[in-house]
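Next comes entry-v9.cif, a file with mmCIF, C-alpha atoms.
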```cif
data_upload
loop_
_atom_site.label_atom_id
_atom_site.label_comp_id
_atom_site.auth_asym_id
_atom_site.auth_seq_id
_atom_site.Cartn_x
_atom_site.Cartn_y
_atom_site.Cartn_z
CA MET A 1 -32.92 -67.91 47.76
CA LYS A 2 -29.97 -66.50 45.83
CA THR A 3 -27.98 -68.22 43.13
CA ILE A 4 -24.23 -67.60 43.19
CA THR A 5 -21.75 -68.54 40.49
CA ILE A 6 -18.14 -69.04 41.55
CA PHE A 7 -15.26 -69.03 39.09
CA GLY A 8 -11.96 -70.43 40.35
CA LEU A 9 -10.34 -73.65 41.51
CA ILE A 10 -13.59 -75.28 42.55
CA TYR A 11 -11.95 -78.40 43.99
CA SER A 12 -9.31 -76.55 46.01
CA GLN A 13 -9.56 -76.84 49.79
CA HIS A 14 -10.37 -73.12 50.07
CA VAL A 15 -13.34 -73.04 47.71
CA SER A 16 -14.54 -76.49 48.72
CA ASN A 17 -14.63 -75.64 52.45
CA PHE A 18 -16.09 -72.20 51.73
CA VAL A 19 -19.06 -73.44 49.69
CA GLY A 20 -19.52 -76.62 51.71
CA THR A 21 -19.92 -74.65 54.93
CA MET A 22 -22.12 -72.04 53.23
CA LYS A 23 -24.55 -74.76 52.22
CA LYS A 24 -24.83 -75.92 55.84
CA TYR A 25 -26.19 -72.57 56.96
CA SER A 26 -28.03 -71.12 53.96
CA ASP A 27 -30.38 -71.95 51.11
CA PHE A 28 -28.09 -70.40 48.47
CA ARG A 29 -27.64 -72.25 45.21
CA PHE A 30 -24.06 -72.48 43.93
CA LEU A 31 -22.90 -72.91 40.36
CA GLY A 32 -19.21 -73.57 39.76
CA LEU A 33 -17.05 -72.88 36.74
CA ASN A 34 -13.80 -74.75 37.41
CA LYS A 35 -10.92 -73.11 35.56
CA LYS A 36 -8.54 -76.10 35.76
CA GLU A 37 -10.15 -79.52 35.73
CA ASN A 38 -6.84 -81.21 36.62
CA VAL A 39 -6.33 -79.24 39.85
CA ILE A 40 -7.84 -81.38 42.60
CA HIS A 41 -6.51 -80.99 46.15
CA GLY A 42 -7.44 -84.40 47.49
CA GLU A 43 -10.37 -86.73 47.01
CA ALA A 44 -12.19 -85.39 50.09
CA TYR A 45 -12.28 -81.84 48.69
CA PHE A 46 -13.35 -83.15 45.27
CA LYS A 47 -16.29 -84.99 46.83
CA GLN A 48 -17.17 -82.06 49.09
CA SER A 49 -17.35 -79.68 46.13
CA LYS A 50 -19.39 -82.16 44.11
CA ASP A 51 -21.85 -82.44 47.00
CA ALA A 52 -21.98 -78.71 47.78
CA PHE A 53 -22.32 -77.19 44.31
CA ASP A 54 -25.65 -77.54 42.56
CA GLU A 55 -23.87 -77.57 39.22
CA ILE A 56 -20.21 -77.60 38.16
CA TYR A 57 -18.73 -77.12 34.71
CA ASP A 58 -15.15 -78.40 34.36
CA LEU A 59 -13.14 -76.70 31.67
CA PRO A 60 -11.38 -79.48 29.71
CA ARG A 61 -7.67 -79.19 29.00
CA ASN A 62 -5.65 -79.70 25.83
CA LYS A 63 -1.99 -80.78 25.86
CA TYR A 64 -1.16 -78.15 23.26
CA TYR A 65 -0.82 -74.75 24.92
CA ILE A 66 -2.38 -72.57 22.19
CA LEU A 67 -5.27 -74.97 21.61
CA ASP A 68 -5.77 -75.24 25.36
CA LEU A 69 -5.94 -71.44 25.67
CA ILE A 70 -8.40 -71.07 22.78
CA GLN A 71 -10.56 -73.97 23.97
CA ARG A 72 -10.74 -72.72 27.56
CA ALA A 73 -11.47 -69.17 26.42
CA ILE A 74 -14.35 -70.13 24.12
CA LEU A 75 -15.92 -72.55 26.60
CA SER A 76 -15.49 -70.32 29.65
CA PHE A 77 -16.98 -67.33 27.84
CA GLY A 78 -20.03 -69.37 26.90
CA VAL A 79 -20.50 -70.98 30.32
CA ILE A 80 -19.97 -67.79 32.35
CA GLY A 81 -22.62 -66.09 30.24
CA LYS A 82 -25.05 -68.97 30.70
CA TYR A 83 -24.45 -69.16 34.46
CA ALA A 84 -24.54 -65.38 34.95
CA LYS A 85 -28.00 -65.16 33.37
CA LYS A 86 -29.44 -67.42 36.05
CA SER A 87 -27.36 -66.00 38.95
CA ASP A 88 -27.78 -63.11 41.33
CA ILE A 89 -24.04 -62.90 42.04
CA VAL A 90 -20.89 -63.97 40.22
CA GLN A 91 -17.84 -64.22 42.47
CA PHE A 92 -14.35 -64.49 41.03
CA HIS A 93 -11.83 -66.21 43.30
CA PHE A 94 -8.29 -64.99 42.58
CA ILE A 95 -8.20 -62.10 40.10
CA SER A 96 -6.07 -62.77 37.02
CA THR A 97 -5.91 -61.49 33.44
CA PHE A 98 -8.24 -64.34 32.47
CA VAL A 99 -10.97 -62.87 34.70
CA LEU A 100 -11.19 -59.58 32.79
CA PRO A 101 -13.05 -60.84 29.67
CA LEU A 102 -15.26 -63.02 31.88
CA ALA A 103 -16.29 -60.03 34.00
CA LEU A 104 -17.04 -58.09 30.82
CA ILE A 105 -19.34 -60.88 29.58
CA VAL A 106 -21.15 -60.97 32.94
CA LYS A 107 -21.80 -57.24 32.67
CA ILE A 108 -23.01 -57.46 29.07
CA VAL A 109 -25.34 -60.46 29.25
CA SER A 110 -26.73 -60.33 32.82
CA LYS A 111 -27.78 -58.24 35.79
CA ALA A 112 -25.71 -60.33 38.21
CA LYS A 113 -23.61 -58.48 40.78
CA ILE A 114 -19.86 -59.07 40.54
CA SER A 115 -17.84 -59.88 43.65
CA SER A 116 -14.06 -59.90 43.24
CA PHE A 117 -12.27 -61.94 45.89
CA ILE A 118 -8.57 -61.07 46.18
CA TYR A 119 -6.49 -63.84 47.74
CA GLY A 120 -3.33 -61.76 48.21
CA SER A 121 -0.72 -63.27 45.91
CA ASP A 122 -2.84 -62.30 42.90
CA LEU A 123 -2.29 -58.66 43.93
CA LEU A 124 1.13 -58.71 45.59
CA ARG A 125 2.86 -60.67 42.80
CA ALA A 126 1.14 -58.94 39.89
CA ASN A 127 3.16 -57.25 37.12
CA LYS A 128 2.09 -54.00 35.45
CA MET A 129 -0.13 -55.69 32.86
CA GLU A 130 -1.80 -57.83 35.52
CA LEU A 131 -2.39 -54.78 37.72
CA TRP A 132 -4.00 -53.02 34.74
CA CYS A 133 -6.33 -56.01 34.25
CA ILE A 134 -7.15 -56.11 37.97
CA ALA A 135 -8.08 -52.42 37.85
CA ARG A 136 -10.44 -53.04 34.90
CA VAL A 137 -12.07 -55.94 36.76
CA PHE A 138 -12.50 -53.68 39.80
CA SER A 139 -14.19 -51.03 37.66
CA MET A 140 -16.89 -53.60 36.77
CA SER A 141 -17.14 -55.09 40.27
CA ASP A 142 -19.92 -54.26 42.69
CA SER A 143 -17.80 -55.46 45.61
CA ILE A 144 -14.10 -56.19 46.25
CA VAL A 145 -13.24 -58.44 49.20
CA CYS A 146 -10.15 -59.89 50.89
CA ASP A 147 -9.53 -61.52 54.27
CA SER A 148 -6.42 -59.63 55.45
CA SER A 149 -5.94 -56.13 56.79
CA LEU A 150 -2.56 -55.91 55.09
CA VAL A 151 -4.06 -56.84 51.72
CA LEU A 152 -6.92 -54.38 52.27
CA ASP A 153 -4.43 -51.59 53.00
CA GLU A 154 -2.50 -52.48 49.84
CA LEU A 155 -5.68 -52.54 47.76
CA GLN A 156 -6.66 -49.10 49.03
CA ARG A 157 -3.17 -47.75 48.36
CA ARG A 158 -2.98 -49.07 44.81
CA PHE A 159 -6.61 -48.57 43.79
CA PRO A 160 -7.94 -45.60 45.81
CA LYS A 161 -10.63 -45.01 43.19
CA TYR A 162 -12.44 -48.18 44.28
CA THR A 163 -12.02 -47.88 48.06
CA SER A 164 -15.77 -47.56 48.63
CA LYS A 165 -16.26 -51.04 47.12
CA MET A 166 -13.64 -52.71 49.32
CA SER A 167 -14.11 -54.68 52.52
CA ARG A 168 -12.30 -57.30 54.59
CA LEU A 169 -14.19 -60.50 55.35
CA TYR A 170 -12.31 -63.22 57.21
CA PHE A 171 -12.23 -66.45 55.22
CA GLY A 172 -11.92 -68.86 58.14
CA SER A 173 -10.24 -72.24 58.57
CA PRO A 174 -11.89 -75.61 59.30
CA ILE A 175 -8.84 -76.55 61.39
CA ILE A 176 -9.89 -73.99 64.00
CA ASP A 177 -13.34 -75.56 64.26
CA ARG A 178 -11.82 -79.02 64.52
CA LEU A 179 -9.55 -77.87 67.37
CA LEU A 180 -12.50 -76.28 69.17
CA ASN A 181 -14.35 -79.58 69.05
CA ALA A 182 -11.28 -81.62 69.98
CA GLU A 183 -10.19 -79.44 72.89
CA SER A 184 -12.98 -80.48 75.25
CA GLY A 185 -12.41 -84.18 74.63
CA TYR A 186 -8.63 -84.09 74.62
CA SER A 187 -7.13 -86.93 76.62
CA GLU A 188 -4.43 -88.68 74.61
CA HIS A 189 -0.93 -87.27 75.12
CA LEU A 190 1.35 -88.22 72.25
CA ILE A 191 4.29 -86.51 73.94
CA ASP A 192 5.88 -87.65 77.17
CA SER A 193 7.60 -84.37 78.00
CA LYS A 194 8.70 -85.55 81.47
CA GLY A 195 7.19 -82.46 83.02
CA LYS A 196 9.04 -80.07 80.73
CA LYS A 197 7.38 -77.29 78.75
CA VAL A 198 6.79 -78.32 75.13
CA ILE A 199 8.09 -75.90 72.52
CA MET A 200 7.07 -76.24 68.87
CA CYS A 201 9.31 -74.58 66.28
CA GLY A 202 7.89 -73.66 62.87
CA TYR A 203 5.22 -75.55 60.96
CA ASN A 204 6.91 -77.04 57.88
CA ASP A 205 10.30 -78.22 56.61
CA SER A 206 11.18 -75.09 54.64
CA LYS A 207 14.54 -73.47 55.33
CA GLY A 208 12.58 -70.23 55.54
CA GLN A 209 11.34 -71.40 58.95
CA GLN A 210 14.93 -70.81 60.18
CA HIS A 211 15.01 -73.86 62.47
CA LEU A 212 18.80 -73.83 62.75
CA ARG A 213 18.91 -70.22 63.88
CA ILE A 214 16.23 -70.97 66.49
CA ILE A 215 18.28 -73.93 67.77
CA ASP A 216 21.47 -71.89 67.88
CA SER A 217 19.76 -69.03 69.72
CA LEU A 218 18.37 -71.38 72.40
CA LYS A 219 21.18 -73.93 72.74
CA GLU A 220 22.09 -72.72 76.23
CA VAL A 221 18.64 -73.59 77.60
CA ALA A 222 17.77 -76.46 75.23
CA LYS A 223 17.95 -79.15 77.96
CA ASP A 224 15.26 -77.38 80.00
CA PHE A 225 12.53 -78.00 77.40
CA TYR A 226 10.95 -80.63 75.16
CA TRP A 227 11.20 -79.67 71.48
CA VAL A 228 8.87 -80.46 68.57
CA PHE A 229 9.74 -79.74 64.94
CA PRO A 230 6.80 -80.26 62.51
CA MET A 231 8.42 -80.99 59.13
CA THR A 232 5.78 -83.12 57.43
CA TYR A 233 5.38 -80.88 54.38
CA GLY A 234 7.14 -78.07 52.53
CA ASP A 235 10.29 -78.39 50.44
CA LYS A 236 10.85 -82.10 51.23
CA ASP A 237 14.59 -81.39 51.48
CA LYS A 238 15.87 -84.55 53.22
CA GLU A 239 19.36 -83.12 53.64
CA TYR A 240 18.01 -80.08 55.47
CA ILE A 241 15.71 -82.20 57.65
CA ASP A 242 18.68 -84.41 58.59
CA THR A 243 20.73 -81.31 59.41
CA VAL A 244 18.04 -80.10 61.83
CA ARG A 245 17.83 -83.59 63.36
CA THR A 246 21.61 -83.72 63.85
CA ALA A 247 21.65 -80.27 65.43
CA MET A 248 19.07 -81.40 68.01
CA GLU A 249 20.78 -84.75 68.66
CA ASN A 250 23.94 -82.88 69.55
CA LEU A 251 22.05 -80.85 72.16
CA VAL A 252 19.26 -82.88 73.75
CA THR A 253 17.45 -86.21 73.83
CA ASP A 254 14.01 -84.70 74.54
CA TYR A 255 12.89 -83.71 71.09
CA LEU A 256 10.57 -84.92 68.36
CA LEU A 257 11.03 -84.27 64.65
CA LEU A 258 7.84 -85.02 62.69
CA ASP A 259 8.73 -85.78 59.08
CA SER A 260 6.13 -88.36 58.00
CA PHE A 261 2.41 -88.19 57.30
CA LEU A 262 0.15 -87.44 60.27
CA THR A 263 -3.58 -88.01 60.51
CA ASP A 264 -5.73 -85.02 61.48
CA GLU A 265 -6.23 -86.63 64.90
CA GLU A 266 -2.48 -87.07 65.47
CA TRP A 267 -1.68 -83.52 64.42
CA THR A 268 -4.48 -82.17 66.63
CA ASN A 269 -3.01 -83.98 69.62
CA TYR A 270 0.49 -82.64 68.96
CA ILE A 271 -0.91 -79.12 68.76
CA LEU A 272 -2.88 -79.58 71.96
CA SER A 273 0.26 -80.85 73.74
CA THR A 274 2.22 -77.67 73.02
CA ASP A 275 2.95 -74.81 75.45
CA VAL A 276 5.02 -72.40 73.34
CA PHE A 277 5.05 -71.84 69.58
CA ILE A 278 8.15 -70.16 68.13
CA HIS A 279 7.57 -68.72 64.68
CA MET A 280 10.61 -67.02 63.14
CA GLN A 281 9.93 -67.51 59.44
CA VAL A 282 11.64 -65.20 56.95
CA SER A 283 8.32 -63.92 55.62
CA ASP A 284 4.75 -64.98 56.16
CA ALA A 285 1.10 -64.11 55.88
CA PHE A 286 -1.19 -64.78 58.85
CA SER A 287 -0.92 -68.58 58.73
CA SER A 288 -3.45 -71.02 60.15
CA SER A 289 -0.72 -72.52 62.35
CA ILE A 290 -0.36 -69.25 64.24
CA ALA A 291 -4.12 -69.09 64.72
CA GLU A 292 -4.22 -72.66 66.02
CA HIS A 293 -1.76 -71.94 68.82
CA LEU A 294 -3.35 -68.63 69.75
CA LEU A 295 -6.76 -70.31 69.90
CA LEU A 296 -5.46 -72.82 72.44
CA GLY A 297 -3.89 -70.22 74.70
CA HIS A 298 -0.28 -71.05 73.83
CA ILE A 299 2.53 -68.53 74.09
CA LEU A 300 3.37 -67.26 70.60
CA ILE A 301 6.87 -65.85 70.06
CA ASN A 302 6.83 -64.27 66.64
CA GLY A 303 9.62 -62.81 64.51
CA SER A 304 9.69 -59.05 65.11
CA TRP A 305 10.09 -58.45 61.36
CA LEU A 306 6.73 -60.14 60.65
CA PRO A 307 3.93 -57.56 60.79
CA TYR A 308 0.55 -59.00 61.79
CA LYS A 309 -1.83 -56.09 61.56
CA ASP A 310 -4.86 -58.38 61.97
CA LEU A 311 -3.56 -59.61 65.32
CA ASP A 312 -2.78 -56.09 66.49
CA ASP A 313 -6.11 -54.68 65.29
CA ASN A 314 -7.96 -57.37 67.24
CA GLY A 315 -5.94 -56.88 70.43
CA ILE A 316 -4.43 -60.37 70.37
CA PHE A 317 -1.54 -60.95 72.75
CA TYR A 318 1.74 -62.36 71.45
CA ILE A 319 5.45 -61.71 71.91
CA SER A 320 7.67 -60.20 69.21
CA SER A 321 11.33 -61.10 69.23
CA ASN A 322 14.49 -61.05 67.17
CA PHE A 323 17.01 -63.89 67.41
CA GLU A 324 19.31 -61.97 69.73
CA ASP A 325 16.58 -61.64 72.36
CA LEU A 326 14.86 -64.98 71.75
CA GLN A 327 16.29 -66.79 74.78
CA ARG A 328 15.55 -63.90 77.13
CA ASN A 329 11.99 -63.52 75.81
CA LEU A 330 11.29 -67.26 76.07
CA LEU A 331 12.49 -67.52 79.67
CA LYS A 332 10.67 -64.33 80.68
CA ALA A 333 7.40 -65.51 79.12
CA ILE A 334 7.55 -68.79 81.01
CA SER A 335 8.51 -67.18 84.33
CA ASP A 336 5.73 -64.57 83.87
CA TYR A 337 3.12 -67.14 82.82
CA SER A 338 0.81 -66.40 85.75
CA VAL A 339 0.83 -62.73 84.71
CA ILE A 340 0.12 -63.30 81.00
CA GLU A 341 -2.17 -66.34 81.36
CA GLY A 342 -5.32 -64.19 81.30
CA LYS A 343 -4.18 -62.46 78.11
CA LEU A 344 -3.46 -65.82 76.48
CA LYS A 345 -6.92 -67.12 77.38
CA SER A 346 -8.58 -63.99 76.00
CA ASN A 347 -7.03 -64.74 72.60
CA LYS A 348 -9.44 -67.63 72.09
CA ASP A 349 -12.67 -65.71 71.40
CA LYS A 350 -10.80 -63.23 69.22
CA ILE A 351 -9.29 -65.98 67.07
CA VAL A 352 -12.70 -67.66 66.72
CA ARG A 353 -14.10 -64.42 65.30
CA MET A 354 -11.17 -64.19 62.88
CA LYS A 355 -10.40 -67.75 61.92
CA SER A 356 -13.34 -70.08 62.59
CA LEU A 357 -14.80 -71.13 59.25
CA ASP A 358 -18.24 -71.71 60.80
CA TYR A 359 -18.21 -68.31 62.52
CA SER A 360 -16.99 -66.51 59.40
CA ILE A 361 -19.62 -68.05 57.16
CA ARG A 362 -22.52 -67.44 59.55
CA ASN A 363 -21.55 -63.94 60.69
CA TYR A 364 -19.76 -62.44 57.68
CA TRP A 365 -20.35 -64.24 54.41
CA ILE A 366 -24.05 -65.13 54.53
CA PRO A 367 -25.04 -61.54 55.44
CA TYR A 368 -22.63 -60.30 52.75
CA PHE A 369 -24.27 -62.34 49.98
CA GLN A 370 -27.75 -61.53 51.27
CA GLU A 371 -27.09 -57.80 51.10
CA LEU A 372 -25.09 -57.67 47.85
#
```
Please go through the file and, once you have read it, give me the structure as structure tokens.
Amino acid sequence: MKTITIFGLIYSQHVSNFVGTMKKYSDFRFLGLNKKENVIHGEAYFKQSKDAFDEIYDLPRNKYYILDLIQRAILSFGVIGKYAKKSDIVQFHFISTFVLPLALIVKIVSKAKISSFIYGSDLLRANKMELWCIARVFSMSDSIVCDSSLVLDELQRRFPKYTSKMSRLYFGSPIIDRLLNAESGYSEHLIDSKGKKVIMCGYNDSKGQQHLRIIDSLKEVAKDFYWVFPMTYGDKDKEYIDTVRTAMENLVTDYLLLDSFLTDEEWTNYILSTDVFIHMQVSDAFSSSIAEHLLLGHILINGSWLPYKDLDDNGIFYISSNFEDLQRNLLKAISDYSVIEGKLKSNKDKIVRMKSLDYSIRNYWIPYFQEL
């Protein structure tokens, strides 16, 4: 049985799901050092982390910035040293300047292996000083992990000295596992599409989803389909949401704009009711929404400017398109459905291996911690 200390946002959905699922399939002990006690992403994740971790230390906060910094530094240095001494592995989630002195303490006071988990934004948005700190953390790390091929390529480009320590391990999403379980028992149709194909556009209310450009590009064929616009979270720009609603009202009656809270069950049913997912966001990482549609065998039409190396590396079928060719590509995909149906179905097992939280934990992360 190994003991693993995790430093990061312990009550975030990412860490909470990660450790919670790990405990289901292993006998690892987990100690948590929570860097911001006021960051809690929902009561369910708070409870899940409390249940999953064997011990959690919450760093208290002070309303005065300098005192807060000093207090957190002193306490975190002491706790990380204490936890490291009784741990086999210390894993840092999200590498920041604050991690550097903590990694140094781990090295000085213990024999614990250091695992540095890069999320992506910690690397891609880092300034020169932050990159210098990341490099120093890497020099002390026994392993450097990320869950994206693009991030791995960037790590290898920027830090070639540490390439031998780097690996990509998919993180996984519980939504994929929920959809897998829901798919077999799916019966409730929340959408009466009147026999029309259901097309979902984007996955939040951000202008970056480019809903209006999608509508304008497809206005000539709009009446042939049933449209769904998920806008339940994002920028919460009511004026923009109303603009999208007006644009659709001027074209068709068969559309649904989702702008209020949905239960997991409701959202699952909307996803399961979809035939085509159009994703033309300005910029994006490999989002869970894309994985959800690919898992269910839906046609994905993706902005041609969005590179998804993970999809390409795993041989996953999807359609790239710019706005000029969007209408032609949509109509061709639907008319050729019998030809591409087999490719769409084959996406399922590939997405499970990439995005199922259960699969990732059992097949990637448990062996990783066992061997580190």
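One finds CA of Asp242 (chain A) at 23.4 Å from CA of Val276 (chain A).
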Could you expand the PyMOL selection byres ((chain A and resi 203) around 7) into the explicit residues it covers here, written as an NGL selection string? :A and (201-202 or 204 or 230-231 or 289)
Include C-alpha atoms and write out the residues we just selected as a PDB file, in the frame of the given file.
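Done, and the output landed in out-v4.pdb:
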```pdb
ATOM      1  CA  CYS A 201       9.310 -74.580  66.280  1.00  0.00           C
ATOM      2  CA  GLY A 202       7.890 -73.660  62.870  1.00  0.00           C
ATOM      3  CA  ASN A 204       6.910 -77.040  57.880  1.00  0.00           C
ATOM      4  CA  PRO A 230       6.800 -80.260  62.510  1.00  0.00           C
ATOM      5  CA  MET A 231       8.420 -80.990  59.130  1.00  0.00           C
ATOM      6  CA  SER A 289      -0.720 -72.520  62.350  1.00  0.00           C
TER       7      SER A 289
END
```
Would you translate the PyMOL selection byres ((chain A and resi 81) around 8) into the concrete set of residues it matches in this file, as a list in words?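 Evaluating the PyMOL selection byres ((chain A and resi 81) around 8) on this file yields Phe77, Gly78, Val79, Ile80, Lys82, Tyr83, Ala84, Lys85, Ile105, Val106, Val109 and Ser110 of chain A.
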From the set A:Phe117, A:Tyr45, A:Phe286, A:Phe98, which residue has the shortest atom-to-atom contact distance to Lys355 (chain A), counting all atoms listed in the file?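 Ranked by minimum distance to Lys355 (chain A), first place goes to A:Phe286.
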So what does the PyMOL selection byres ((chain A and resi 322) around 8) actually pick up in this one, as a PyMOL selection string? chain A and resi 303-305+320-321+323-326
Take region 293-337 of chain A from the preceding structure and save C-alpha atoms as a compact mmCIF listing (two decimals), in the first residue's frame.
```txt
# COMPACT_ATOMS: atom_id res chain seq x y z
CA HIS A 293 -20.77 13.34 -28.67
CA LEU A 294 -18.03 11.18 -30.14
CA LEU A 295 -18.73 8.51 -27.52
CA LEU A 296 -22.37 8.34 -28.59
CA GLY A 297 -21.61 8.02 -32.29
CA HIS A 298 -22.75 11.53 -33.24
CA ILE A 299 -21.39 13.39 -36.24
CA LEU A 300 -18.85 15.96 -35.05
CA ILE A 301 -18.23 18.95 -37.33
CA ASN A 302 -15.24 20.75 -35.87
CA GLY A 303 -13.64 24.09 -36.74
CA SER A 304 -10.77 23.41 -39.13
CA TRP A 305 -8.57 25.85 -37.19
CA LEU A 306 -8.86 23.72 -34.02
CA PRO A 307 -6.09 21.11 -33.94
CA TYR A 308 -7.00 17.96 -32.02
CA LYS A 309 -3.87 15.86 -32.09
CA ASP A 310 -5.28 13.42 -29.53
CA LEU A 311 -8.23 12.65 -31.80
CA ASP A 312 -5.99 12.23 -34.84
CA ASP A 313 -3.44 10.10 -32.97
CA ASN A 314 -6.22 7.75 -31.86
CA GLY A 315 -7.80 7.47 -35.31
CA ILE A 316 -11.08 9.09 -34.27
CA PHE A 317 -13.38 10.10 -37.10
CA TYR A 318 -14.73 13.65 -37.29
CA ILE A 319 -15.26 16.31 -39.94
CA SER A 320 -13.21 19.52 -40.15
CA SER A 321 -14.85 22.55 -41.66
CA ASN A 322 -14.56 26.29 -42.05
CA PHE A 323 -17.68 28.49 -42.09
CA GLU A 324 -17.70 28.79 -45.87
CA ASP A 325 -18.03 25.03 -46.30
CA LEU A 326 -20.16 24.34 -43.22
CA GLN A 327 -23.48 23.92 -45.05
CA ARG A 328 -21.98 21.66 -47.71
CA ASN A 329 -20.19 19.51 -45.10
CA LEU A 330 -23.32 19.18 -42.96
CA LEU A 331 -25.53 18.09 -45.85
CA LYS A 332 -22.89 15.70 -47.19
CA ALA A 333 -22.37 14.09 -43.77
CA ILE A 334 -26.09 13.45 -43.39
CA SER A 335 -26.53 12.13 -46.94
CA ASP A 336 -23.46 9.88 -46.49
CA TYR A 337 -24.51 8.65 -43.05
```
